[in-house]
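Peer 1: Got a structure here, written out as structure tokens. Questions coming.
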Amino acid sequence: SHYPKDWKGGENVVGLGMNEYELSQNPVLTSHVVKDLNDDPVLPFDDNTFDKVTCVVSIDYLNKPLQVCQEIGRVLKPGGECILSMSNRCFPTKAFQIWLQTSDLEHIFIAGSFFHYAGSFDAPQSLDISPNPGRSDPLYIVKA
């Protein structure tokens with residue numbers, strides 16, 4: 001899990017991803033859905049289902065990131081929050097082209113633009129949550 005070991009989630013912590021085994025082994029999840037959002041960006045959840053949605057170091061692998069962010073806006077409850085995390089590491093064969101041609105700061109602007117153009121989020125905010133700034137890989141979040 002990408003959540004801290006001592007994290008206490010809500011009653012309904014749903015994972016969505018492409019790897020059944022990894023999802024099934026995640027002790028934080030109360031349920032999971034196997035789905036490739038590159039094949040179909042529609043989230044298999046009702047409107048206004050979640051308080052929070054996280055997308056951990058994978059926004060750069062989506063071939064329809066704006067549509068996925070629109071879907072996130074749909075499944076979030078009013079006042080809900082989406083948190084995208086990103087680093088400067090990626091699989092170059094999987095990331096979309098503009099990601100490979102831009103800097104960390106530009107990645108933050110790109111992620112923020114998905115929220116902006118999705119049309120259902122407040123202004124995005126970004127944070128540097130790198131564990132050891134300057135001595136480790138950077139870790140950023142963009143949330144709205």
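Every chain in the structure tokens takes a letter, A first, then B, and so on in the order presented; its residues are numbered from 1, and the ligands are numbered from 1 following the presented order.
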I want to know what sits within 7 Å of stretch 125-134 of chain A, based on only C-alpha atoms, with residues of the same chain fewer than 5 positions away left out; could you give that as a ChimeraX atom specification?
Peer 2: /A:139-144
Peer 1: Just want the 7 Å neighbourhood of stretch 38-54 of chain A, counted on only C-alpha atoms, with same-chain residues fewer than 2 positions away dropped. Output as a list in words.
Peer 2: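 Using only C-alpha atoms, the neighbours found are Asp36, Val56, Leu62, Asn63, Lys64, Gln67, Val68, Glu71, Arg74, Val75, Leu76, Lys77, Pro78, Gly80, Glu81, Cys82, Ile83 and Leu84 of chain A.
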Peer 1: Could you please take those selected residues and save all heavy atoms as a CSV table (one decimal), in the first residue's frame?
Peer 2:
```
chain,number,residue,atom,x,y,z
A,36,ASP,N,-8.5,-1.3,-16.4
A,36,ASP,CA,-7.5,-0.6,-17.1
A,36,ASP,C,-8.1,0.7,-17.6
A,36,ASP,O,-8.9,0.7,-18.5
A,36,ASP,CB,-6.9,-1.4,-18.3
A,36,ASP,CG,-5.8,-0.7,-19.0
A,36,ASP,OD1,-5.6,0.6,-18.8
A,36,ASP,OD2,-5.2,-1.3,-19.9
A,56,VAL,N,-1.8,7.5,-7.2
A,56,VAL,CA,-0.4,7.5,-6.7
A,56,VAL,C,0.6,7.2,-7.9
A,56,VAL,O,0.5,6.1,-8.5
A,56,VAL,CB,-0.2,6.5,-5.6
A,56,VAL,CG1,1.2,6.4,-5.1
A,56,VAL,CG2,-1.2,6.8,-4.5
A,62,LEU,N,-1.7,7.6,-17.9
A,62,LEU,CA,-3.0,7.6,-18.4
A,62,LEU,C,-3.0,8.2,-19.8
A,62,LEU,O,-2.5,9.3,-20.0
A,62,LEU,CB,-4.0,8.3,-17.5
A,62,LEU,CG,-4.2,7.7,-16.1
A,62,LEU,CD1,-5.0,8.7,-15.2
A,62,LEU,CD2,-4.8,6.4,-16.2
A,63,ASN,N,-3.7,7.6,-20.7
A,63,ASN,CA,-3.8,8.1,-22.1
A,63,ASN,C,-5.0,9.1,-22.2
A,63,ASN,O,-5.1,9.8,-23.2
A,63,ASN,CB,-3.8,7.1,-23.2
A,63,ASN,CG,-4.9,6.1,-23.1
A,63,ASN,OD1,-6.0,6.4,-22.6
A,63,ASN,ND2,-4.7,4.9,-23.6
A,64,LYS,N,-5.8,9.1,-21.2
A,64,LYS,CA,-6.9,10.1,-21.2
A,64,LYS,C,-7.0,10.7,-19.8
A,64,LYS,O,-8.0,10.6,-19.1
A,64,LYS,CB,-8.2,9.4,-21.6
A,64,LYS,CG,-8.2,8.9,-23.0
A,64,LYS,CD,-9.5,8.2,-23.3
A,64,LYS,CE,-9.4,7.7,-24.8
A,64,LYS,NZ,-10.5,6.7,-25.1
A,67,GLN,N,-10.1,13.0,-19.0
A,67,GLN,CA,-11.4,12.2,-18.8
A,67,GLN,C,-11.4,11.5,-17.4
A,67,GLN,O,-12.4,11.5,-16.8
A,67,GLN,CB,-11.6,11.2,-19.9
A,67,GLN,CG,-11.9,11.9,-21.3
A,67,GLN,CD,-10.6,12.2,-22.1
A,67,GLN,OE1,-9.6,12.5,-21.6
A,67,GLN,NE2,-10.8,12.2,-23.4
A,68,VAL,N,-10.2,11.0,-17.0
A,68,VAL,CA,-10.2,10.3,-15.7
A,68,VAL,C,-10.4,11.3,-14.6
A,68,VAL,O,-11.2,11.1,-13.7
A,68,VAL,CB,-8.8,9.6,-15.5
A,68,VAL,CG1,-8.7,9.1,-14.1
A,68,VAL,CG2,-8.7,8.4,-16.5
A,71,GLU,N,-14.0,12.1,-14.4
A,71,GLU,CA,-14.7,11.0,-13.7
A,71,GLU,C,-14.5,11.0,-12.2
A,71,GLU,O,-15.4,10.8,-11.4
A,71,GLU,CB,-14.2,9.6,-14.2
A,71,GLU,CG,-14.8,9.2,-15.5
A,71,GLU,CD,-16.3,8.9,-15.3
A,71,GLU,OE1,-16.6,7.9,-14.6
A,71,GLU,OE2,-17.1,9.6,-15.8
A,74,ARG,N,-16.8,13.4,-10.8
A,74,ARG,CA,-18.1,12.8,-10.7
A,74,ARG,C,-18.3,11.9,-9.5
A,74,ARG,O,-19.4,12.0,-8.8
A,74,ARG,CB,-18.4,12.0,-12.0
A,74,ARG,CG,-19.8,11.4,-12.0
A,74,ARG,CD,-20.0,10.5,-13.3
A,74,ARG,NE,-19.1,9.3,-13.3
A,74,ARG,CZ,-19.3,8.2,-12.6
A,74,ARG,NH1,-20.3,8.1,-11.7
A,74,ARG,NH2,-18.4,7.2,-12.7
A,75,VAL,N,-17.3,11.1,-9.2
A,75,VAL,CA,-17.5,10.2,-8.1
A,75,VAL,C,-17.2,10.7,-6.7
A,75,VAL,O,-17.5,10.1,-5.7
A,75,VAL,CB,-16.7,8.9,-8.3
A,75,VAL,CG1,-17.1,8.2,-9.6
A,75,VAL,CG2,-15.2,9.1,-8.2
A,76,LEU,N,-16.6,11.9,-6.6
A,76,LEU,CA,-16.3,12.6,-5.4
A,76,LEU,C,-17.6,13.2,-4.8
A,76,LEU,O,-18.4,13.7,-5.6
A,76,LEU,CB,-15.3,13.7,-5.5
A,76,LEU,CG,-13.8,13.3,-5.5
A,76,LEU,CD1,-13.0,14.5,-5.8
A,76,LEU,CD2,-13.4,12.7,-4.2
A,77,LYS,N,-17.8,13.1,-3.5
A,77,LYS,CA,-18.9,13.8,-2.8
A,77,LYS,C,-18.6,15.3,-2.9
A,77,LYS,O,-17.5,15.7,-3.0
A,77,LYS,CB,-19.0,13.3,-1.4
A,77,LYS,CG,-19.4,11.8,-1.2
A,77,LYS,CD,-19.4,11.5,0.3
A,77,LYS,CE,-19.7,10.0,0.4
A,77,LYS,NZ,-19.7,9.6,1.9
A,78,PRO,N,-19.7,16.1,-2.7
A,78,PRO,CA,-19.4,17.5,-2.6
A,78,PRO,C,-18.5,17.8,-1.5
A,78,PRO,O,-18.6,17.3,-0.4
A,78,PRO,CB,-20.8,18.1,-2.3
A,78,PRO,CG,-21.8,17.1,-2.9
A,78,PRO,CD,-21.1,15.7,-2.7
A,80,GLY,N,-15.4,16.9,-1.6
A,80,GLY,CA,-14.4,15.9,-1.6
A,80,GLY,C,-13.1,16.4,-2.2
A,80,GLY,O,-13.0,17.5,-2.7
A,81,GLU,N,-12.1,15.6,-2.1
A,81,GLU,CA,-10.7,16.0,-2.5
A,81,GLU,C,-10.0,14.9,-3.3
A,81,GLU,O,-10.1,13.7,-3.0
A,81,GLU,CB,-9.9,16.3,-1.3
A,81,GLU,CG,-8.5,16.8,-1.6
A,81,GLU,CD,-7.7,17.1,-0.3
A,81,GLU,OE1,-7.7,16.3,0.6
A,81,GLU,OE2,-7.2,18.2,-0.2
A,82,CYS,N,-9.4,15.3,-4.4
A,82,CYS,CA,-8.5,14.3,-5.1
A,82,CYS,C,-7.1,14.7,-4.9
A,82,CYS,O,-6.7,15.9,-4.9
A,82,CYS,CB,-8.8,14.4,-6.6
A,82,CYS,SG,-7.8,13.3,-7.6
A,83,ILE,N,-6.2,13.7,-4.7
A,83,ILE,CA,-4.8,14.0,-4.4
A,83,ILE,C,-4.0,13.1,-5.4
A,83,ILE,O,-4.1,11.9,-5.5
A,83,ILE,CB,-4.4,13.6,-3.0
A,83,ILE,CG1,-5.2,14.3,-2.0
A,83,ILE,CG2,-2.9,13.8,-2.8
A,83,ILE,CD1,-5.1,13.8,-0.5
A,84,LEU,N,-3.3,13.8,-6.3
A,84,LEU,CA,-2.4,13.2,-7.2
A,84,LEU,C,-0.9,13.3,-6.7
A,84,LEU,O,-0.5,14.4,-6.3
A,84,LEU,CB,-2.4,13.9,-8.6
A,84,LEU,CG,-3.8,14.1,-9.2
A,84,LEU,CD1,-3.6,15.0,-10.5
A,84,LEU,CD2,-4.5,12.8,-9.5
```
Peer 1: Ranking A:Leu23, A:Asp60, A:Ala111, A:Cys90 by minimum distance to A:Ala123 and counting only C-alpha atoms, which one comes first?
Peer 2: A:Ala111
Peer 1: Could you pull out the helix (DSSP H, G or I) residues of chain A from DSSP and send them as a PyMOL selection string?
Peer 2: chain A and resi 20-24+59-61+65-75+97-100+104-118
Peer 1: Next, the residues of the selection above should be written as a CSV table (one decimal), in the first residue's frame with C-alpha atoms.
Peer 2:
```csv
chain,number,residue,atom,x,y,z
A,20,GLU,CA,-5.4,-8.3,-9.2
A,21,TYR,CA,-2.7,-9.8,-7.0
A,22,GLU,CA,-1.3,-6.5,-5.8
A,23,LEU,CA,-4.7,-5.2,-5.1
A,24,SER,CA,-5.7,-8.3,-3.2
A,59,ILE,CA,-1.3,10.2,-13.7
A,60,ASP,CA,1.5,10.3,-16.3
A,61,TYR,CA,0.6,6.8,-17.5
A,65,PRO,CA,-6.0,11.9,-18.0
A,66,LEU,CA,-8.5,14.7,-18.4
A,67,GLN,CA,-11.4,12.2,-18.8
A,68,VAL,CA,-10.2,10.3,-15.7
A,69,CYS,CA,-10.1,13.6,-13.7
A,70,GLN,CA,-13.6,14.4,-14.9
A,71,GLU,CA,-14.7,11.0,-13.7
A,72,ILE,CA,-13.0,11.6,-10.4
A,73,GLY,CA,-14.9,14.8,-10.1
A,74,ARG,CA,-18.1,12.8,-10.7
A,75,VAL,CA,-17.5,10.2,-8.1
A,97,GLN,CA,5.1,12.3,-24.4
A,98,ILE,CA,4.8,15.8,-22.8
A,99,TRP,CA,5.7,14.3,-19.4
A,100,LEU,CA,9.0,13.1,-20.8
A,104,ASP,CA,9.1,18.6,-12.2
A,105,LEU,CA,7.6,22.1,-11.9
A,106,GLU,CA,5.9,21.7,-15.3
A,107,HIS,CA,4.6,18.3,-14.2
A,108,ILE,CA,2.8,20.1,-11.3
A,109,PHE,CA,1.3,22.6,-13.8
A,110,ILE,CA,0.2,19.8,-16.1
A,111,ALA,CA,-1.5,17.9,-13.2
A,112,GLY,CA,-3.1,21.1,-12.0
A,113,SER,CA,-4.4,21.8,-15.5
A,114,PHE,CA,-6.3,18.4,-15.5
A,115,PHE,CA,-8.2,19.7,-12.4
A,116,HIS,CA,-8.8,23.1,-14.0
A,117,TYR,CA,-10.1,21.7,-17.3
A,118,ALA,CA,-12.1,18.9,-15.6
```
Peer 1: Report, in Å with one decimal, the straight-line distance from atom CA of A:Pro138 to atom CA of A:Ser85.
Peer 2: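 So the answer is 10.4 Å.
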Peer 1: Do you have the atom CA of A:Pro124-atom CA of A:Val57 distance handy?
Peer 2: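 Distance between the two atoms: 17.1 Å.
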Peer 1: Which neighbours of A:Lys8 fall inside 10 Å, counting only C-alpha atoms, when residues of the same chain fewer than 5 positions from it are skipped, and could you give them as a list in words?
Peer 2: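 Listed by chain and then number, they are Tyr3, Val13 and Val28 of chain A.
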Peer 1: Please compute the atom CA of A:Ser31-atom CA of A:Gly15 distance, one decimal, in Å.
Peer 2: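 Interatomic distance, atom CA of A:Ser31 to atom CA of A:Gly15: 6.5 Å.
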Peer 1: I want to know what sits within 6 Å of A:Gly17, based on only C-alpha atoms, with residues of the same chain fewer than 2 positions away left out; could you give that as a list in words?
Peer 2: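 The neighbour list is Asn19, Val34 and Lys35 of chain A.
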